[in-house]
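Chemist: mmCIF, C-alpha atoms, file protein-v8.cif:
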```cif
data_data
#
loop_
_atom_site.label_atom_id
_atom_site.label_comp_id
_atom_site.auth_asym_id
_atom_site.auth_seq_id
_atom_site.Cartn_x
_atom_site.Cartn_y
_atom_site.Cartn_z
CA MET V 1 -33.16 -11.96 99.35
CA LEU V 2 -29.82 -10.90 97.85
CA LEU V 3 -28.80 -10.32 94.23
CA LEU V 4 -25.59 -12.13 93.25
CA GLY V 5 -24.57 -11.23 89.72
CA GLY V 6 -27.93 -12.01 88.11
CA LEU V 7 -28.86 -14.71 90.65
CA TRP V 8 -31.29 -14.23 93.48
CA LEU V 9 -30.34 -15.67 96.85
CA LEU V 10 -33.31 -16.44 99.07
CA TRP V 11 -32.57 -16.28 102.78
CA TRP V 12 -35.47 -17.04 105.09
CA TRP V 13 -36.23 -18.01 108.68
CA PRO V 14 -39.77 -19.40 109.07
CA PRO V 15 -41.57 -18.29 112.23
CA ALA V 16 -41.25 -20.40 115.34
CA ALA V 17 -44.28 -22.55 116.09
CA GLY V 18 -43.22 -24.47 119.19
CA VAL V 19 -43.28 -27.85 117.46
CA PRO V 20 -40.84 -30.41 118.93
CA ALA V 21 -38.00 -31.60 116.69
CA LYS V 22 -38.07 -35.10 115.19
CA ASN V 23 -35.48 -37.45 113.80
CA LEU V 24 -35.01 -38.06 110.12
CA HIS V 25 -37.93 -40.13 108.79
CA PHE V 26 -39.72 -40.48 105.50
CA ARG V 27 -43.35 -39.82 104.80
CA LYS V 28 -45.43 -42.68 103.46
CA VAL V 29 -47.23 -40.28 101.14
CA ALA V 30 -44.10 -39.69 99.07
CA SER V 31 -41.42 -42.11 97.97
CA GLY V 32 -38.46 -40.65 96.16
CA VAL V 33 -38.68 -39.71 92.50
CA SER V 34 -42.20 -39.05 91.30
CA PRO V 35 -43.70 -41.69 89.02
CA PRO V 36 -43.73 -41.03 85.26
CA GLY V 37 -46.33 -38.49 84.27
CA SER V 38 -46.99 -37.28 87.82
CA THR V 39 -47.59 -33.55 88.09
CA SER V 40 -48.59 -30.98 90.62
CA PRO V 41 -52.40 -30.75 90.36
CA ARG V 42 -52.59 -26.96 90.63
CA ALA V 43 -49.56 -25.95 88.53
CA LEU V 44 -49.06 -25.14 84.88
CA ASN V 45 -46.59 -27.92 84.11
CA ILE V 46 -44.08 -26.13 81.91
CA PHE V 47 -41.20 -28.52 82.62
CA HIS V 48 -41.37 -32.21 81.78
CA ARG V 49 -39.87 -33.71 84.93
CA ASP V 50 -38.94 -37.05 83.32
CA LEU V 51 -37.11 -35.19 80.55
CA LYS V 52 -35.39 -32.97 83.12
CA ARG V 53 -34.21 -36.11 84.94
CA LYS V 54 -32.77 -37.49 81.70
CA GLN V 55 -31.01 -34.20 80.96
CA LYS V 56 -29.41 -34.11 84.40
CA ASN V 57 -28.38 -37.75 84.13
CA TRP V 58 -26.78 -37.04 80.75
CA ALA V 59 -24.92 -34.02 82.13
CA ALA V 60 -23.65 -36.04 85.10
CA ARG V 61 -22.14 -38.64 82.75
CA GLN V 62 -20.01 -36.13 80.84
CA PRO V 63 -16.22 -36.39 81.29
CA GLU V 64 -14.38 -33.75 83.31
CA PRO V 65 -17.48 -32.19 84.90
CA MET V 66 -15.38 -29.54 86.64
CA LYS V 67 -15.04 -27.76 83.27
CA PHE V 68 -18.80 -27.17 83.23
CA ASP V 69 -19.59 -26.82 86.94
CA TYR V 70 -17.65 -23.63 87.60
CA LEU V 71 -20.83 -21.55 87.93
CA LYS V 72 -22.51 -24.00 90.30
CA GLU V 73 -19.38 -24.27 92.41
CA GLU V 74 -19.10 -20.48 92.68
CA VAL V 75 -22.77 -20.03 93.62
CA GLU V 76 -22.68 -22.88 96.12
CA SER V 77 -19.54 -21.52 97.78
CA ARG V 78 -21.43 -18.24 98.32
CA ILE V 79 -24.36 -20.14 99.83
CA ALA V 80 -21.90 -21.84 102.20
CA ASP V 81 -20.58 -18.38 103.16
CA ARG V 82 -24.14 -17.36 104.11
CA VAL V 83 -24.43 -20.45 106.30
CA TYR V 84 -21.24 -19.42 108.13
CA ASP V 85 -22.77 -15.97 108.67
CA ILE V 86 -25.41 -17.54 110.94
CA ALA V 87 -24.09 -17.89 114.48
CA ARG V 88 -25.43 -21.36 115.20
CA ASN V 89 -24.81 -25.02 114.42
CA PHE V 90 -27.13 -27.18 112.31
CA SER V 91 -27.38 -30.81 113.33
CA LEU V 92 -29.24 -31.92 110.18
CA ALA V 93 -29.30 -30.13 106.80
CA LEU V 94 -31.01 -30.82 103.48
CA ASP V 95 -29.57 -29.95 100.05
CA ILE V 96 -32.31 -29.92 97.39
CA GLY V 97 -31.01 -30.55 93.87
CA CYS V 98 -27.54 -31.20 95.25
CA GLY V 99 -25.77 -32.22 92.03
CA ARG V 100 -22.15 -33.03 92.95
CA GLY V 101 -22.59 -31.59 96.45
CA TYR V 102 -20.50 -28.43 96.31
CA ILE V 103 -22.37 -26.77 99.19
CA ALA V 104 -21.48 -29.51 101.65
CA GLN V 105 -17.92 -29.53 100.35
CA HIS V 106 -17.53 -25.87 101.37
CA LEU V 107 -18.83 -26.50 104.90
CA ASN V 108 -17.39 -28.34 107.91
CA LYS V 109 -18.81 -30.76 110.45
CA GLU V 110 -18.56 -28.15 113.22
CA THR V 111 -21.23 -26.12 111.38
CA VAL V 112 -23.38 -28.93 109.95
CA GLY V 113 -23.55 -32.29 111.69
CA LYS V 114 -25.10 -34.30 108.85
CA PHE V 115 -26.21 -33.58 105.28
CA VAL V 116 -29.07 -35.21 103.39
CA GLN V 117 -28.47 -34.63 99.67
CA VAL V 118 -31.43 -34.93 97.32
CA ASP V 119 -31.38 -34.98 93.54
CA ILE V 120 -33.71 -36.17 90.79
CA ALA V 121 -30.82 -37.72 88.81
CA GLU V 122 -29.21 -40.93 90.07
CA ASN V 123 -26.02 -40.25 88.09
CA ALA V 124 -25.56 -36.98 89.93
CA LEU V 125 -25.76 -38.78 93.28
CA LYS V 126 -23.15 -41.29 92.09
CA ASN V 127 -20.73 -38.43 91.39
CA ILE V 128 -21.01 -36.64 94.74
CA LEU V 129 -17.66 -35.29 95.91
CA GLU V 130 -15.91 -36.49 99.04
CA MET V 131 -16.39 -34.27 102.10
CA GLU V 132 -15.82 -34.34 105.82
CA ILE V 133 -19.52 -33.99 106.72
CA PRO V 134 -21.42 -37.32 106.99
CA THR V 135 -23.93 -37.45 104.13
CA VAL V 136 -26.96 -39.46 103.03
CA SER V 137 -28.00 -39.49 99.35
CA VAL V 138 -31.70 -39.67 98.49
CA LEU V 139 -33.11 -40.00 94.97
CA ALA V 140 -36.16 -37.73 94.97
CA ASP V 141 -37.90 -35.03 92.98
CA GLU V 142 -37.65 -31.46 94.25
CA GLU V 143 -41.41 -31.18 93.72
CA PHE V 144 -42.19 -34.19 95.96
CA LEU V 145 -39.96 -34.19 99.06
CA PRO V 146 -40.35 -37.50 100.94
CA PHE V 147 -39.51 -36.27 104.45
CA ARG V 148 -41.60 -35.83 107.56
CA GLU V 149 -42.57 -32.58 109.24
CA ASN V 150 -40.01 -30.65 111.35
CA THR V 151 -37.02 -32.76 110.30
CA PHE V 152 -34.28 -30.33 109.22
CA ASP V 153 -32.51 -27.40 110.85
CA LEU V 154 -31.27 -26.06 107.51
CA VAL V 155 -32.42 -26.37 103.90
CA VAL V 156 -30.19 -25.19 101.05
CA SER V 157 -30.68 -25.31 97.30
CA SER V 158 -28.52 -24.05 94.43
CA LEU V 159 -29.69 -23.48 90.85
CA SER V 160 -32.45 -26.06 91.05
CA LEU V 161 -35.76 -24.51 92.11
CA HIS V 162 -36.20 -22.45 88.92
CA TRP V 163 -36.97 -25.76 87.15
CA VAL V 164 -39.89 -26.82 89.33
CA ASN V 165 -43.39 -26.40 87.96
CA ASP V 166 -45.01 -25.23 91.20
CA LEU V 167 -42.59 -23.07 93.18
CA SER V 168 -45.26 -22.21 95.74
CA ARG V 169 -45.84 -25.88 96.51
CA ALA V 170 -42.09 -26.52 96.66
CA LEU V 171 -41.70 -23.75 99.25
CA GLU V 172 -44.62 -25.16 101.21
CA GLN V 173 -42.87 -28.53 101.35
CA ILE V 174 -39.63 -26.89 102.47
CA HIS V 175 -41.56 -25.10 105.21
CA TYR V 176 -43.11 -28.45 106.14
CA VAL V 177 -39.80 -30.31 106.57
CA LEU V 178 -38.06 -27.41 108.38
CA LYS V 179 -37.99 -27.24 112.15
CA PRO V 180 -39.77 -24.22 113.68
CA VAL V 181 -36.59 -22.10 113.80
CA GLY V 182 -35.01 -23.64 110.69
CA VAL V 183 -33.32 -21.68 107.91
CA ILE V 184 -33.61 -21.86 104.12
CA ILE V 185 -30.91 -20.43 101.84
CA SER V 186 -31.44 -20.86 98.12
CA ALA V 187 -30.03 -19.40 94.90
CA MET V 188 -31.99 -19.53 91.67
CA PHE V 189 -32.22 -17.81 88.30
CA ALA V 190 -35.01 -15.26 88.25
CA GLY V 191 -36.26 -12.03 86.71
CA ASP V 192 -34.48 -10.90 83.54
CA THR V 193 -31.81 -13.63 83.51
CA LEU V 194 -30.61 -14.20 79.89
CA CYS V 195 -32.81 -11.32 78.74
CA GLU V 196 -30.42 -10.37 75.91
CA LEU V 197 -30.27 -13.94 74.59
CA ARG V 198 -34.04 -14.30 74.82
CA CYS V 199 -34.62 -11.07 72.86
CA SER V 200 -32.02 -11.97 70.23
CA LEU V 201 -33.59 -15.36 69.58
CA GLN V 202 -37.06 -13.84 69.35
CA LEU V 203 -35.96 -11.14 66.89
CA ALA V 204 -34.00 -13.58 64.71
CA GLU V 205 -36.77 -16.17 64.57
CA THR V 206 -39.45 -13.55 63.92
CA GLU V 207 -37.42 -12.17 61.02
CA ARG V 208 -36.83 -15.59 59.47
CA GLU V 209 -39.99 -17.48 60.39
CA GLY V 210 -42.59 -14.77 60.95
CA GLY V 211 -43.02 -15.82 64.61
CA PHE V 212 -41.11 -17.33 67.47
CA SER V 213 -41.20 -20.15 69.98
CA PRO V 214 -39.70 -20.01 73.50
CA HIS V 215 -36.15 -21.39 73.65
CA ILE V 216 -35.27 -20.32 77.21
CA SER V 217 -36.97 -21.43 80.40
CA PRO V 218 -39.31 -18.88 81.97
CA PHE V 219 -38.07 -17.39 85.23
CA THR V 220 -40.03 -16.26 88.27
CA ALA V 221 -40.36 -12.51 88.74
CA VAL V 222 -38.32 -11.20 91.66
CA ASN V 223 -41.35 -9.50 93.23
CA ASP V 224 -43.22 -12.80 93.17
CA LEU V 225 -40.38 -14.48 95.06
CA GLY V 226 -40.67 -11.91 97.80
CA HIS V 227 -44.42 -12.47 98.06
CA LEU V 228 -44.00 -16.25 98.23
CA LEU V 229 -41.50 -16.00 101.07
CA GLY V 230 -43.34 -13.28 102.95
CA ARG V 231 -46.76 -14.84 103.09
CA ASP V 232 -47.95 -17.21 105.82
CA THR V 233 -47.11 -20.47 104.05
CA PRO V 234 -49.66 -23.20 104.79
CA LEU V 235 -48.51 -26.71 105.64
CA LEU V 236 -49.34 -29.62 103.34
#
```
Starting from the file, lay out its structure as structure tokens.

Modeler:
Amino acid sequence: MLLLGGLWLLWWWPPAAGVPAKNLHFRKVASGVSPPGSTSPRALNIFHRDLKRKQKNWAARQPEPMKFDYLKEEVESRIADRVYDIARNFSLALDIGCGRGYIAQHLNKETVGKFVQVDIAENALKNILEMEIPTVSVLADEEFLPFRENTFDLVVSSLSLHWVNDLSRALEQIHYVLKPVGVIISAMFAGDTLCELRCSLQLAETEREGGFSPHISPFTAVNDLGHLLGRDTPLL
């Protein structure tokens, strides 16, 4: 787990379990984007997933997206660098919350044979950049991955998992779809990200209104991320 200028990069190899690899297939228990109102049964549902989908669709429709995607492109280029640091090839990779697909754009087909790119917003999938790696686009919610067990050699995710309601369950699903010696590399906002802005808004609103409401998404504590990755993650 590496700190990149306020971002936390999760880098994890799940333990080998001797399970044979399988081809790309979908589970019958999940089918793309979750239906309206669906939630994780054990999570405090802070984020309205339907509203989050609308927000991402709106953002994907804005003209000249490169003006606003500079942070995502920078982070995703660093994730691609971490993939190159691993001395092996990945025949099938999964990008969760892919957006315009900057991670795949920074990789080559000698390192990754095929990319499956998942996003909750259909407009984001329509705007995926051209790249040399063969890709498949799948409309699905990060909280409800529709893939079968032991499917992927590599799972990457950039600036997406901090918006899921049940991070523990999301990591369980990633563990489920990874092959026994698969790799996950993910960057997400965590800890004291935007602490100064959060404090300023609270002080200003308390002074004017006598109280305050949250205006910034809550972020997972860094220590909790380490515990989630270090524990023996159960399969679904």

Chemist: Compile the contact shell of Glu142 (chain V) as a PyMOL selection string: residues with an atom at most 12 Å away, counting all atoms listed in the file, same-chain residues fewer than 4 positions apart removed.

Modeler: chain V and resi 30-34+39-40+49+52-53+94-98+117-121+138+146-147+156-167+169-174

Chemist: Nearest to Lys72 (chain V) among V:Arg100, V:Leu154, V:Ile184, V:Asp85, with distances taken over all atoms listed in the file: which residue is it?

Modeler: V:Arg100

Chemist: Determine the residue set returned by the PyMOL selection byres ((chain V and resi 131) around 10) for the present structure, and present it as a PyMOL selection string.

Modeler: chain V and resi 101-102+104-109+128-130+132-135

Chemist: Around the point (-23.3, -21.5, 106.5) in the file's coordinates, collect all residues with an atom within 10 Å, using only C-alpha atoms, and return them as a list in words.

Modeler: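 Applying the cut-off with only C-alpha atoms, one gets Ser77, Arg78, Ile79, Ala80, Asp81, Arg82, Val83, Tyr84, Asp85, Ile86, Ala87, Arg88, Asn89, Phe90, Ile103, Ala104, His106, Leu107, Asn108, Thr111, Val112, Leu154, Val156 and Ile185 of chain V.
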
Chemist: For the provided coordinates, the residues matched by the PyMOL selection byres ((chain V and resi 54-58) around 7) should be stated as a list in words.

Modeler: Asp50, Leu51, Lys52, Arg53, Ala59, Ala60, Arg61, Gln62, Ala121, Glu122, Asn123 and Ala124 of chain V

Chemist: With 5 Å of padding per side, what axis-aligned box (centre and edge lengths, Å, one decimal) covers all the listed atoms of region 117-128 of chain V? Give it as JSON.

Modeler:
```
{"center_x": -27.2, "center_y": -38.0, "center_z": 93.9, "size_x": 23.0, "size_y": 16.7, "size_z": 21.6}
```

Chemist: Just the number, please: distance in Å from CA of Lys114 (chain V) to CA of Phe152 (chain V), one decimal.

Modeler: 10.0 Å

Chemist: CA of Leu125 (chain V) and CA of Leu92 (chain V), how far apart in Å?

Modeler: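 It comes out at 18.6 Å.
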
Chemist: Give me, please, the distance in Å between CA of Glu149 (chain V) and CA of Asn45 (chain V), quoted to one decimal.

Modeler: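 Between CA of Glu149 (chain V) and CA of Asn45 (chain V) the gap works out to 25.9 Å.
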
Chemist: Please return region 44-58 of chain V, rebuilt to N, CA, C and O atoms, as a compact mmCIF listing (two decimals), in the frame of the given file.

Modeler:
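Below you can see result.txt, which holds the result:
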```
# COMPACT_ATOMS: atom_id res chain seq x y z
N LEU V 44 -49.25 -25.06 86.31
CA LEU V 44 -49.06 -25.14 84.88
C LEU V 44 -47.73 -25.86 84.65
O LEU V 44 -46.67 -25.33 84.96
N ASN V 45 -47.79 -27.09 84.18
CA ASN V 45 -46.59 -27.92 84.11
C ASN V 45 -45.79 -27.59 82.86
O ASN V 45 -45.94 -28.20 81.81
N ILE V 46 -44.91 -26.60 83.01
CA ILE V 46 -44.08 -26.13 81.91
C ILE V 46 -42.93 -27.10 81.66
O ILE V 46 -42.56 -27.37 80.51
N PHE V 47 -42.37 -27.66 82.73
CA PHE V 47 -41.20 -28.52 82.62
C PHE V 47 -41.62 -29.98 82.71
O PHE V 47 -42.34 -30.38 83.63
N HIS V 48 -41.13 -30.77 81.77
CA HIS V 48 -41.37 -32.21 81.78
C HIS V 48 -40.35 -32.83 82.74
O HIS V 48 -39.16 -32.90 82.42
N ARG V 49 -40.79 -33.28 83.89
CA ARG V 49 -39.87 -33.71 84.93
C ARG V 49 -39.07 -34.95 84.53
O ARG V 49 -37.90 -35.10 84.87
N ASP V 50 -39.69 -35.87 83.79
CA ASP V 50 -38.94 -37.05 83.32
C ASP V 50 -37.84 -36.64 82.36
O ASP V 50 -36.72 -37.17 82.40
N LEU V 51 -38.13 -35.68 81.47
CA LEU V 51 -37.11 -35.19 80.55
C LEU V 51 -36.02 -34.45 81.31
O LEU V 51 -34.82 -34.58 80.98
N LYS V 52 -36.39 -33.67 82.32
CA LYS V 52 -35.39 -32.97 83.12
C LYS V 52 -34.48 -33.97 83.83
O LYS V 52 -33.27 -33.75 83.94
N ARG V 53 -35.04 -35.08 84.30
CA ARG V 53 -34.21 -36.11 84.94
C ARG V 53 -33.22 -36.70 83.94
O ARG V 53 -32.04 -36.90 84.26
N LYS V 54 -33.67 -36.96 82.72
CA LYS V 54 -32.77 -37.49 81.70
C LYS V 54 -31.68 -36.50 81.34
O LYS V 54 -30.52 -36.88 81.14
N GLN V 55 -32.02 -35.22 81.27
CA GLN V 55 -31.01 -34.20 80.96
C GLN V 55 -29.95 -34.13 82.05
O GLN V 55 -28.74 -34.05 81.76
N LYS V 56 -30.37 -34.18 83.31
CA LYS V 56 -29.41 -34.11 84.40
C LYS V 56 -28.55 -35.37 84.47
O LYS V 56 -27.37 -35.32 84.80
N ASN V 57 -29.16 -36.51 84.17
CA ASN V 57 -28.38 -37.75 84.13
C ASN V 57 -27.34 -37.71 83.02
O ASN V 57 -26.20 -38.15 83.20
N TRP V 58 -27.72 -37.17 81.87
CA TRP V 58 -26.78 -37.04 80.75
C TRP V 58 -25.63 -36.11 81.13
O TRP V 58 -24.46 -36.42 80.88
```
